[in-house]
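Data first, discussion second: the structure below is written as structure tokens.
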Amino acid sequence: MRMKDLVGGPMPIAKEIAEMIEKSSWIRKMFDEGAMMKARLGDEAVCDFTLGNPFQEPSHRVINRLRELVLDDASGTHKYMQNAGFPWVREKIAEHLRIETDQSFTPNHLIMTVGAGGGLNVILRAICDPDDDVIITAPYFAEYIFYTANHRARAIVVETDEHFQLIPEKIKEAIGPKTRAVLLNSPNNPSGAVYPEEALAQLGEILREKSSEHNRPIFLIMDEPYRKLLYDGVKVPWVFGYYDQSMVVTSHSKDLNLPGERIGYVAVNPKDQHAEALINAMVLTNRILGFVNAPALFQRLVAELQAEECDMSIYKKNRDILVNGLSDIGYNVISPKGGFYLFPKSPDSDDEKFTEALKEKNILVVPGKGFGRAGYFRVAFCLSTDVCERALLGFREVYKGCGISQKS
């Protein structure tokens, strides 16, 4: 749909925002279409794999702790605090990180944020000058393009390999005098790929070399809201030991099933010589971007739940049903090591056309072009197992309709 003033006359909104709306996130577009289909056909008739909205509810421990906090009528419970967040909350998280990473975290290396999305915007506003470059790898979380544009930076896209793993040499080739950061997402949305120690170590060497060459720090930003959502004994390595100019941003949307509450944090590597300046800058950007501070209630909640485990049993069951089922049909699909997404290759090279064909079967997925990798599609399997099972018939019929012989 072309953006224009419906009553005629000049455009009532910023041109840049109008352009963003036209090419805005495929995820939300498909989710909105799903809502309309469900209203028309009923929830049970639609297999909606569009949005990474956890199917599971928060655990009893989370709910019980939240009840306790809501009933706490101590003075000052809901007032402003330091823009970085409650000091005691940051100390709790620093203590957890000290154990997890063997690094000397203190509350002064942390800032509480309005989810990982808020955290990324706080970081990028703090470190980027106009026309700075931020390198991202495809496939990528679609909003990265908009986040960088928010702060007048440019997203430079570098491809990953056929298994969605990093190619450090390609990142090296993309680095130039305006490069300010490399932004990675592991476990990756949409592919479920987890980047191993070897790749992070190699990338750290490259960034040290290039930072020296261009006489400016190049930051490595790790976006990790799926860190605890893992399969098959895989571990996500912490980046802090591989590169000093690094930071991690995360949220509790997925591991505590709290996506609507928007609570997360940024952790700056204690070994970074710029740590104090970075945190001071992010305290300011947290304020001037309008976040002010992360929600007080949920800061107090997550402080006590840093070691909470994520129940992966349903996600693993769904993953296995879909990976096995789609593979048997003939789809080219890599089993994810983390998160709750599949990113199979589309049997039709036009992934948008393919997703439209699935929609005719009341199956909603997101075309890969929305994640910077055309010819694929994303399946968010964070829903009930019966939906995954019911969808396989439609996946089979559409695959057959693409004129490809199926596996026997």
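Simple scheme: letters A, B, ... for chains in structure tokens order, numbers from 1 for residues in each chain, numbers from 1 for ligands in the order shown.
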As a PyMOL selection string, please: all residues of range 92-336 of chain A that backbone DSSP puts in alpha helix (DSSP H).
chain A and resi 92-101+115-127+143-150+168-174+197-214+275-288+296-303+313-329
Write out as JSON lines a residue-level contact list of range 350-400 of chain A versus range 49-64 of chain A with cut-off 10 Å: for each qualifying residue the closest pair of atoms and the distance in Å to one decimal, counting only C-alpha atoms, rows sorted by chain and residue number upward.
```
{"residue": "A:Ile363", "atom": "CA", "partner": "A:Phe49", "partner_atom": "CA", "distance": 7.4}
{"residue": "A:Leu364", "atom": "CA", "partner": "A:Phe49", "partner_atom": "CA", "distance": 5.5}
{"residue": "A:Val365", "atom": "CA", "partner": "A:Thr50", "partner_atom": "CA", "distance": 5.1}
{"residue": "A:Val366", "atom": "CA", "partner": "A:Thr50", "partner_atom": "CA", "distance": 5.9}
{"residue": "A:Pro367", "atom": "CA", "partner": "A:Thr50", "partner_atom": "CA", "distance": 9.7}
{"residue": "A:Arg378", "atom": "CA", "partner": "A:Thr50", "partner_atom": "CA", "distance": 7.6}
{"residue": "A:Val379", "atom": "CA", "partner": "A:Phe49", "partner_atom": "CA", "distance": 5.2}
{"residue": "A:Ala380", "atom": "CA", "partner": "A:Phe49", "partner_atom": "CA", "distance": 4.7}
{"residue": "A:Phe381", "atom": "CA", "partner": "A:Phe49", "partner_atom": "CA", "distance": 6.1}
{"residue": "A:Cys382", "atom": "CA", "partner": "A:Phe55", "partner_atom": "CA", "distance": 5.3}
{"residue": "A:Leu383", "atom": "CA", "partner": "A:Phe55", "partner_atom": "CA", "distance": 4.7}
{"residue": "A:Ser384", "atom": "CA", "partner": "A:Phe55", "partner_atom": "CA", "distance": 6.9}
{"residue": "A:Val387", "atom": "CA", "partner": "A:Phe49", "partner_atom": "CA", "distance": 9.1}
{"residue": "A:Cys388", "atom": "CA", "partner": "A:Phe49", "partner_atom": "CA", "distance": 8.9}
{"residue": "A:Ala391", "atom": "CA", "partner": "A:Phe49", "partner_atom": "CA", "distance": 9.7}
```
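The space separating CA of His109 in chain A from CA of Val268 in chain A comes to 5.2 Å.
For the residues A:Tyr331, A:Lys337, A:Glu261, A:Asp73, ranking by smallest atom-to-atom distance to Pro187 in chain A using only C-alpha atoms places A:Lys337 first.
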Quick one: contact table of range 195-281 of chain A to range 340-359 of chain A, 12 Å max, nearest atom pair and distance in Å to one decimal per residue, counting only C-alpha atoms, chain and number order, as a Markdown table?
```
| residue | atom | partner | partner_atom | distance |
| --- | --- | --- | --- | --- |
| A:Pro225 | CA | A:Phe340 | CA | 11.5 |
| A:Tyr226 | CA | A:Phe340 | CA | 8.6 |
| A:Arg227 | CA | A:Phe340 | CA | 11.5 |
| A:Lys228 | CA | A:Phe340 | CA | 11.2 |
| A:Leu229 | CA | A:Phe340 | CA | 7.7 |
| A:Leu230 | CA | A:Phe340 | CA | 9.0 |
| A:Tyr231 | CA | A:Phe340 | CA | 10.1 |
| A:Lys254 | CA | A:Phe340 | CA | 9.5 |
| A:Asp255 | CA | A:Phe340 | CA | 11.3 |
```
Just list the residues in range 132-339 of chain A DSSP gives strand (DSSP E) on the backbone, as a VMD selection string.
chain A and resid 133 to 138 154 to 159 179 to 185 219 to 223 246 to 251 264 to 268
Skipping near chain neighbours, those fewer than 5 positions away, what residues fall within 12 Å of Arg208 in chain A using only C-alpha atoms, listed as a list in words?
Lys172, Ile175, Ala201, Gln202, Leu203, Glu213, His214, Asn215, Arg216, Pro217, Ile218, Phe219, Leu220, Tyr242, Tyr243, Asp244, Gln245 and Ser246 of chain A
Writing out the chosen residues with C-alpha atoms as a PDB file, in the first residue's frame:
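As a result, selection.pdb now contains:
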```pdb
ATOM      1  CA  LYS A 172      36.657  -8.499   7.666  1.00  0.00           C
ATOM      2  CA  ILE A 175      34.940  -3.355   7.680  1.00  0.00           C
ATOM      3  CA  ALA A 201      37.782 -15.975  18.634  1.00  0.00           C
ATOM      4  CA  GLN A 202      38.582 -15.414  14.952  1.00  0.00           C
ATOM      5  CA  LEU A 203      36.242 -12.437  14.794  1.00  0.00           C
ATOM      6  CA  GLU A 213      44.126   0.002  11.588  1.00  0.00           C
ATOM      7  CA  HIS A 214      41.323   2.602  11.629  1.00  0.00           C
ATOM      8  CA  ASN A 215      42.309   4.075  15.004  1.00  0.00           C
ATOM      9  CA  ARG A 216      38.806   3.772  16.463  1.00  0.00           C
ATOM     10  CA  PRO A 217      37.131   1.073  18.543  1.00  0.00           C
ATOM     11  CA  ILE A 218      34.858  -1.303  16.673  1.00  0.00           C
ATOM     12  CA  PHE A 219      32.367  -2.771  19.114  1.00  0.00           C
ATOM     13  CA  LEU A 220      31.023  -6.300  19.032  1.00  0.00           C
ATOM     14  CA  TYR A 242      37.297 -13.240  23.082  1.00  0.00           C
ATOM     15  CA  TYR A 243      37.127  -9.496  22.554  1.00  0.00           C
ATOM     16  CA  ASP A 244      37.393  -6.661  25.073  1.00  0.00           C
ATOM     17  CA  GLN A 245      35.267  -4.111  23.181  1.00  0.00           C
ATOM     18  CA  SER A 246      32.172  -6.272  23.492  1.00  0.00           C
TER      19      SER A 246
END
```
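The spacing separating CA of Thr160 in chain A from CA of Thr137 in chain A amounts to 6.4 Å.
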Find the spatial neighbours of Pro336 in chain A, counting only C-alpha atoms, within a cut-off of 10 Å - ignore same-chain residues fewer than 6 positions away - and output them as a PDB file with N, CA and C atoms, in the first residue's frame.
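Written file, around04.pdb:
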```
ATOM      1  N   HIS A 163      24.940 -23.045   6.180  1.00  0.00           N
ATOM      2  CA  HIS A 163      24.432 -23.511   7.468  1.00  0.00           C
ATOM      3  C   HIS A 163      24.139 -22.336   8.403  1.00  0.00           C
ATOM      4  N   PRO A 187      21.641 -17.471  20.033  1.00  0.00           N
ATOM      5  CA  PRO A 187      21.077 -18.177  18.894  1.00  0.00           C
ATOM      6  C   PRO A 187      20.338 -17.211  17.961  1.00  0.00           C
ATOM      7  N   ASN A 188      20.459 -17.516  16.686  1.00  0.00           N
ATOM      8  CA  ASN A 188      20.003 -16.577  15.670  1.00  0.00           C
ATOM      9  C   ASN A 188      18.498 -16.681  15.411  1.00  0.00           C
ATOM     10  N   PRO A 190      16.416 -15.626  12.301  1.00  0.00           N
ATOM     11  CA  PRO A 190      15.448 -16.706  12.216  1.00  0.00           C
ATOM     12  C   PRO A 190      16.000 -18.134  12.119  1.00  0.00           C
ATOM     13  N   SER A 191      17.312 -18.338  12.070  1.00  0.00           N
ATOM     14  CA  SER A 191      17.845 -19.643  11.664  1.00  0.00           C
ATOM     15  C   SER A 191      18.040 -20.638  12.801  1.00  0.00           C
ATOM     16  N   GLY A 192      18.156 -20.147  14.048  1.00  0.00           N
ATOM     17  CA  GLY A 192      18.463 -21.033  15.161  1.00  0.00           C
ATOM     18  C   GLY A 192      19.924 -21.406  15.256  1.00  0.00           C
ATOM     19  N   ALA A 193      20.785 -20.798  14.424  1.00  0.00           N
ATOM     20  CA  ALA A 193      22.218 -21.090  14.464  1.00  0.00           C
ATOM     21  C   ALA A 193      22.843 -20.518  15.734  1.00  0.00           C
ATOM     22  N   VAL A 194      23.805 -21.251  16.293  1.00  0.00           N
ATOM     23  CA  VAL A 194      24.583 -20.806  17.442  1.00  0.00           C
ATOM     24  C   VAL A 194      26.028 -20.665  16.980  1.00  0.00           C
ATOM     25  N   LEU A 230      18.025 -23.739  24.216  1.00  0.00           N
ATOM     26  CA  LEU A 230      19.027 -24.544  23.518  1.00  0.00           C
ATOM     27  C   LEU A 230      18.620 -26.013  23.451  1.00  0.00           C
ATOM     28  N   TYR A 231      19.187 -26.711  22.456  1.00  0.00           N
ATOM     29  CA  TYR A 231      18.906 -28.126  22.242  1.00  0.00           C
ATOM     30  C   TYR A 231      20.215 -28.924  22.165  1.00  0.00           C
ATOM     31  N   ASP A 232      20.062 -30.210  22.390  1.00  0.00           N
ATOM     32  CA  ASP A 232      21.135 -31.173  22.094  1.00  0.00           C
ATOM     33  C   ASP A 232      22.427 -30.901  22.847  1.00  0.00           C
ATOM     34  N   LYS A 316      11.238 -28.552  21.977  1.00  0.00           N
ATOM     35  CA  LYS A 316      11.990 -29.658  21.369  1.00  0.00           C
ATOM     36  C   LYS A 316      11.044 -30.602  20.628  1.00  0.00           C
ATOM     37  N   ARG A 319       9.995 -28.833  17.470  1.00  0.00           N
ATOM     38  CA  ARG A 319      11.114 -28.807  16.526  1.00  0.00           C
ATOM     39  C   ARG A 319      11.247 -30.151  15.816  1.00  0.00           C
ATOM     40  N   ASP A 320      11.225 -31.216  16.585  1.00  0.00           N
ATOM     41  CA  ASP A 320      11.437 -32.541  16.001  1.00  0.00           C
ATOM     42  C   ASP A 320      10.290 -32.938  15.073  1.00  0.00           C
ATOM     43  N   VAL A 323      10.909 -30.624  11.892  1.00  0.00           N
ATOM     44  CA  VAL A 323      12.130 -30.958  11.143  1.00  0.00           C
ATOM     45  C   VAL A 323      11.975 -32.317  10.472  1.00  0.00           C
ATOM     46  N   LEU A 342      12.390 -22.331  12.711  1.00  0.00           N
ATOM     47  CA  LEU A 342      13.013 -23.044  11.597  1.00  0.00           C
ATOM     48  C   LEU A 342      13.153 -22.060  10.448  1.00  0.00           C
ATOM     49  N   PHE A 343      14.166 -22.280   9.613  1.00  0.00           N
ATOM     50  CA  PHE A 343      14.356 -21.410   8.450  1.00  0.00           C
ATOM     51  C   PHE A 343      14.644 -22.290   7.228  1.00  0.00           C
TER      52      PHE A 343
END
```
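Taking only C-alpha atoms into account, Arg287 in chain A lies nearest to A:Ile111 out of the set A:Val249, A:Met37, A:Ile111, A:Ile13.
Nearest-residue note for Asn293 in chain A: choosing from A:Leu278, A:Met36, A:Ile263, A:Leu258, the minimum distance belongs to A:Ile263, counting only C-alpha atoms.
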Any chance you could tabulate, as CSV, the residues of range 64-174 of chain A at most 10 Å from range 14-23 of chain A with each one's nearest atom pair and distance in Å to one decimal, using only C-alpha atoms, in chain and rising number order?
```
residue,atom,partner,partner_atom,distance
A:Ile145,CA,A:Met20,CA,9.8
A:Phe146,CA,A:Met20,CA,7.7
A:Ala149,CA,A:Glu16,CA,9.4
A:Asn150,CA,A:Ile17,CA,9.9
```
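The smallest atom-to-atom distance between Asn185 in chain A and any of A:Val333, A:Leu392, A:Leu207, A:Leu120, using only C-alpha atoms, is found for A:Leu120.
Of the listed residues (A:Val266, A:Ala126, A:Val157, A:Leu69), A:Val157 comes nearest to Tyr144 in chain A; the distances count only C-alpha atoms.
Residue nearest Gly76 in chain A, chosen from A:Ala155, A:Ala296, A:Ile329, A:Ile135 and counting only C-alpha atoms: A:Ala296.
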